[in-house]
Every structure is written in C-alpha cells, then in structure tokens.
Amino acid sequence: MKVMREVIKTNCEEESTIVCCNDIFSEHISNFRPILQYGGILFTDSNVEALYHDEIAKYFAGVPVFVMQAGEENKNEETLFALLRAMAEHGLRRNSTLLALGGGVVGDIGGLAASLYMRGIYYIQVPTTLLAQVDSSVGGKTAIDFCGVKNLIGAFKQPILVYADPSFFATLPPREIRCGLGEIIKHGALHRPLFDLLWKNRDRLFDLDFLAEIVPQNIAFKADIVRKDPHEKELRKCLNLGHTTAHTIELSGAGLSHGECVLLGLLYEVHLADMVYSVSSDFMEKLTVLIESVLDCDIRAIDIAAGARLALMDKKNEKKESVTCTLPVGVGDYRIREFPLEEYREKLIQIRETL
C-alpha cells in the first residue's frame, strides 16, 4: 500500500495530516520519544498496553504514560479528569504533546483532554482499531459520555498528525472488525465508488488485505467531507447516517458495540427512508445484504420500542419531543427528517416486524 497523506484544514490555524500505510507506526515509533520526552504524555488503554507493553517500554522509556481501563463505560468524566490531573502533575506546558495510542475511546478522551489543558496543546493520534482509523481519528470530534448521553461533553480538536496503520488489524478480534465495518458500510452508502467496491468484495469483508486496501479510501472520503464542513453545519451531517437509531440501541443496553449498532441503525433507517421516501429496491437489497453479511446478532431480540424514547437525548435533535434522523435513500443520497417521537417509535415497531 502506498502512503496516503490527507491534510484537513479547519481554519487558518488548525490542520491535520493523516498518513495511512502498513507498518508506518513501527517504522516511525522511535521518532515519537523525542517529541514526548521533554514535554509530553502517552495516553493508552489497558488492552493496548497489554498487547504492546514491550514496545511501549522500549520506545517510550522516560515518557509519562497514562493507562486508562479499556471500555466504553470508562469514557467518562472520571477518566478525563484523571488524565488531566496526570498531565498537570507531569508539568505539561502549552507546547506539550499528547499522543493517543488506541481505539476510539482513547482518541476521544485524549483529544478532549488536549483541547482543555491550558486551552489547547498538541495532539497526535495513532488509532489501533479499524473503527478508529476510518472514523473517529478523522475529523476532530472529541467527547466523553455524560449523564447517560453518548458524547454529550466534547469539543472540536484536530490532531496535528494521525498515523493509520492497517497492520494493527492483525491483533483485533472479529467483533472489532465487525465494529469498523459498520462505519465503512455507512461511508459506502454515501459514496458510490466505496459502495461498488464493497459490493464487489462482499465475500471478502473480513479479509485483512481487503481492509488495508479500503481504509485509505474511507479516510479520504471522510477527510473530504470534514474539510468542506469541519464543524458539522451542513454537509458533515450526512455522516450521521443511521446514527440516531444506532445511538438509541447503544444506550438501551443491548450489549452491542458502536459499530454493530451503526449496522442495525442503518438497517432500520433504510426501511424508515423507504416508508417516507420510497427507496429503490436495488439499493435496499444491496445495503441489506452488506449489513447482514457482517452483523452477527438476533435482530428481533432487541426491544427497539423500549429504547425509542432514548432518541430524544440525541444531540442532533432541535425540537422538543422530536427525533432527527439522517436517512439513506440511495447511494450518495440522504434526507434529514424530523419525526414526532411516537411516530418514530411506531415506525420502528413496524420495521422490526418485517426484519
């Protein structure tokens, strides 16, 4: 794979350089220590630290390291403030750098901490999961979950550098691959070349060589959207495709990962789109096949009606007692639609009976 460089310019002061290449991190890991040793911190989680303990000990000797307990349930204010406290205790200054090595949770918390500490320090991301490489590491959204609401407290903070290395995928369990494919299929629904590539390779979706091939294209697609609309005023809202229902399922305690919930959210919302806009049978069939070839759960076992009210807490909503959805109506085509809560709930129940 060739090195792919994407520069996301968000304003006159802030840009993010993304480099995607196999083994890019192992080849350049020695370059990070001088950056961090005299004014920086390495932030990671317990899973990554266990997998790469020897590399961290060797290449980051003398660098402050903060390890959070892995898991979405720890993406909260306690972890955030523990990290900020460690940054203060180690004497980080405004010209210091935080390096976030891990998945989306590490990237989100690390980015938010970097945005808050002294009103902003430098921030580098090395995403180790498929989901983080194609989604959360691109675009500068950082957040923690708060008061039972996903990503309620956050800020836009672009990393100065992202190293997306597909060689990390070899350590991921199948469920983590599935999680990343949720966002990849979402991107495909928004972008014809990606959709056609996914459909052509629908029997290779878990093949690591195929994933290494498709990751740079996902990054380039999302980077282009972010470049045009860095703060989600208009165009970037398309990236919320399927996410309203996904967050509802995620918050309802179904025990599914974010990417799995995105797959379910897409499935429900393409049927929702068909109810109100009429989706082409070809798009519906192909998107459904892609989703079902990846998803591994009992769809009907999830009580979608019980969780529907949780959609009111989604931060995309602008009106009280209404739910805002970004609905897929065709490849590269979407509609943003508001539903009264009860209408949204009833339609989800109807869709569940057809799945």
# chains A, B, ... in the order shown; residues from 1 in each chain; ligands from 1
call {"tool": "residues_around", "arguments": {"residues": "region 293-305 of chain A", "least_positions_apart": "3", "cutoff": "9 Å", "atoms": "only C-alpha atoms", "output": "MDAnalysis selection string"}}
result
chainID A and resid 175 178 181:182 202:203 205:206 245 248:249 252 254 256 260 263:264 288:290 308:309 345:346 348:349 352:353 355
call {"tool": "select_by_dssp", "arguments": {"residues": "region 246-286 of chain A", "states": "alpha helix (DSSP H)", "output": "MDAnalysis selection string"}}
result
chainID A and resid 246:251 258:277 281:286
call {"tool": "closest_atom_pairs", "arguments": {"of": "region 62-158 of chain A", "to": "region 23-46 of chain A", "cutoff": "10 Å", "atoms": "only C-alpha atoms", "output": "tab-separated table"}}
result
residue	atom	partner	partner_atom	distance
A:Gly62	CA	A:Gln37	CA	6.3
A:Val63	CA	A:Gln37	CA	5.0
A:Pro64	CA	A:Ile41	CA	5.0
A:Val65	CA	A:Leu42	CA	4.7
A:Phe66	CA	A:Phe43	CA	5.0
A:Val67	CA	A:Asp45	CA	4.9
A:Met68	CA	A:Asp45	CA	4.6
A:Gln69	CA	A:Ser46	CA	5.2
A:Ala70	CA	A:Asp45	CA	5.1
A:Gly71	CA	A:Asp45	CA	8.5
A:Leu83	CA	A:Phe43	CA	8.2
A:Ala86	CA	A:Ile41	CA	8.8
A:Met87	CA	A:Ile41	CA	7.1
A:His90	CA	A:Ile41	CA	8.3
A:Gly91	CA	A:Gly39	CA	7.5
A:Leu92	CA	A:Gly39	CA	5.5
A:Arg93	CA	A:Gly39	CA	6.9
A:Arg94	CA	A:Gly39	CA	9.2
A:Asn95	CA	A:Gly39	CA	7.6
A:Ser96	CA	A:Gly39	CA	4.8
A:Thr97	CA	A:Gly40	CA	4.6
A:Leu98	CA	A:Ile41	CA	5.1
A:Leu99	CA	A:Leu42	CA	4.9
A:Ala100	CA	A:Phe43	CA	4.9
A:Leu101	CA	A:Thr44	CA	5.0
A:Gly102	CA	A:Thr44	CA	5.6
A:Gly103	CA	A:Asp45	CA	8.5
A:Val105	CA	A:Asp45	CA	8.8
A:Val106	CA	A:Thr44	CA	6.1
A:Gly107	CA	A:Thr44	CA	8.7
A:Ile109	CA	A:Phe43	CA	9.3
A:Gly110	CA	A:Phe43	CA	6.9
A:Ile121	CA	A:Gly40	CA	9.5
A:Tyr122	CA	A:Gly40	CA	9.0
A:Tyr123	CA	A:Gly40	CA	9.5
A:Ile124	CA	A:Leu42	CA	9.6
A:Gln125	CA	A:Phe43	CA	9.8
A:Val126	CA	A:Phe25	CA	7.8
call {"tool": "write_last_selection", "arguments": {"atoms": "C-alpha atoms", "output": "PDB file, in the first residue's frame"}}
result
ATOM      1  CA  GLY A  62      11.302   8.134  30.301  1.00  0.00           C
ATOM      2  CA  VAL A  63       7.998   9.362  28.839  1.00  0.00           C
ATOM      3  CA  PRO A  64       4.996   9.790  31.179  1.00  0.00           C
ATOM      4  CA  VAL A  65       2.414   7.099  30.355  1.00  0.00           C
ATOM      5  CA  PHE A  66      -1.222   7.193  31.468  1.00  0.00           C
ATOM      6  CA  VAL A  67      -3.205   3.959  31.034  1.00  0.00           C
ATOM      7  CA  MET A  68      -7.000   4.040  31.317  1.00  0.00           C
ATOM      8  CA  GLN A  69      -9.123   0.964  31.901  1.00  0.00           C
ATOM      9  CA  ALA A  70     -10.387  -0.167  28.493  1.00  0.00           C
ATOM     10  CA  GLY A  71     -14.093   0.043  27.642  1.00  0.00           C
ATOM     11  CA  LEU A  83      -5.797  12.166  32.668  1.00  0.00           C
ATOM     12  CA  ALA A  86      -1.655  13.367  35.337  1.00  0.00           C
ATOM     13  CA  MET A  87      -0.853  15.970  32.675  1.00  0.00           C
ATOM     14  CA  HIS A  90       3.938  15.828  34.936  1.00  0.00           C
ATOM     15  CA  GLY A  91       4.229  19.536  34.192  1.00  0.00           C
ATOM     16  CA  LEU A  92       2.925  19.628  30.645  1.00  0.00           C
ATOM     17  CA  ARG A  93       3.011  23.096  29.078  1.00  0.00           C
ATOM     18  CA  ARG A  94       1.131  24.726  26.215  1.00  0.00           C
ATOM     19  CA  ASN A  95       3.743  23.494  23.721  1.00  0.00           C
ATOM     20  CA  SER A  96       3.477  19.905  25.002  1.00  0.00           C
ATOM     21  CA  THR A  97       2.081  16.970  23.031  1.00  0.00           C
ATOM     22  CA  LEU A  98      -0.376  14.230  23.959  1.00  0.00           C
ATOM     23  CA  LEU A  99      -0.069  11.032  21.927  1.00  0.00           C
ATOM     24  CA  ALA A 100      -3.225   8.882  21.968  1.00  0.00           C
ATOM     25  CA  LEU A 101      -2.451   5.241  21.158  1.00  0.00           C
ATOM     26  CA  GLY A 102      -5.619   3.142  20.994  1.00  0.00           C
ATOM     27  CA  GLY A 103      -9.143   2.904  19.702  1.00  0.00           C
ATOM     28  CA  VAL A 105     -12.397   5.818  23.274  1.00  0.00           C
ATOM     29  CA  VAL A 106      -8.727   6.672  23.781  1.00  0.00           C
ATOM     30  CA  GLY A 107      -8.816   9.075  20.839  1.00  0.00           C
ATOM     31  CA  ILE A 109     -10.810  11.285  25.641  1.00  0.00           C
ATOM     32  CA  GLY A 110      -7.254  12.149  24.636  1.00  0.00           C
ATOM     33  CA  ILE A 121      -1.931  21.561  23.449  1.00  0.00           C
ATOM     34  CA  TYR A 122      -0.642  19.476  20.538  1.00  0.00           C
ATOM     35  CA  TYR A 123      -2.300  16.138  19.950  1.00  0.00           C
ATOM     36  CA  ILE A 124      -1.259  13.087  17.883  1.00  0.00           C
ATOM     37  CA  GLN A 125      -3.473  10.055  17.206  1.00  0.00           C
ATOM     38  CA  VAL A 126      -2.315   6.524  16.469  1.00  0.00           C
TER      39      VAL A 126
END
call {"tool": "closest_residue", "arguments": {"among": "A:Val331, A:Ala306, A:Leu161, A:Leu84", "to": "Ile185 (chain A)", "atoms": "only C-alpha atoms"}}
result
A:Val331
call {"tool": "atom_distance", "arguments": {"atom1": "CA of Glu321 (chain A)", "atom2": "CA of Leu341 (chain A)"}}
result
5.7 Å
call {"tool": "closest_atom_pairs", "arguments": {"of": "region 198-248 of chain A", "to": "region 129-149 of chain A", "cutoff": "10 Å", "atoms": "only C-alpha atoms", "output": "Markdown table"}}
result
| residue | atom | partner | partner_atom | distance |
| --- | --- | --- | --- | --- |
| A:Leu211 | CA | A:Leu130 | CA | 8.4 |
| A:Ala212 | CA | A:Leu130 | CA | 9.4 |
| A:Ile214 | CA | A:Val134 | CA | 9.4 |
| A:Val215 | CA | A:Val134 | CA | 6.2 |
| A:Pro216 | CA | A:Val134 | CA | 8.0 |
| A:Gln217 | CA | A:Val134 | CA | 8.9 |
| A:Asn218 | CA | A:Val134 | CA | 5.8 |
| A:Ile219 | CA | A:Val134 | CA | 5.4 |
| A:Ala220 | CA | A:Val134 | CA | 9.1 |
| A:Phe221 | CA | A:Val134 | CA | 9.4 |
| A:Lys222 | CA | A:Val138 | CA | 7.0 |
| A:Ala223 | CA | A:Val138 | CA | 6.5 |
| A:Asp224 | CA | A:Gly139 | CA | 9.6 |
| A:Ile225 | CA | A:Gly139 | CA | 8.8 |
| A:Val226 | CA | A:Gly139 | CA | 5.7 |
| A:Arg227 | CA | A:Gly139 | CA | 8.2 |
| A:Asp229 | CA | A:Gly139 | CA | 9.6 |
| A:Pro230 | CA | A:Gly139 | CA | 6.9 |
| A:His231 | CA | A:Lys141 | CA | 8.7 |
| A:Glu232 | CA | A:Gly139 | CA | 9.9 |
| A:Arg236 | CA | A:Gly139 | CA | 9.7 |
| A:Leu239 | CA | A:Asp135 | CA | 9.6 |
| A:His247 | CA | A:Val149 | CA | 9.1 |
| A:Thr248 | CA | A:Val149 | CA | 9.9 |
call {"tool": "closest_residue", "arguments": {"among": "A:His243, A:Lys315, A:His258, A:Arg337", "to": "Val276 (chain A)", "atoms": "only C-alpha atoms"}}
result
A:Arg337
call {"tool": "atom_distance", "arguments": {"atom1": "CA of Glu213 (chain A)", "atom2": "CA of Glu234 (chain A)"}}
result
29.5 Å
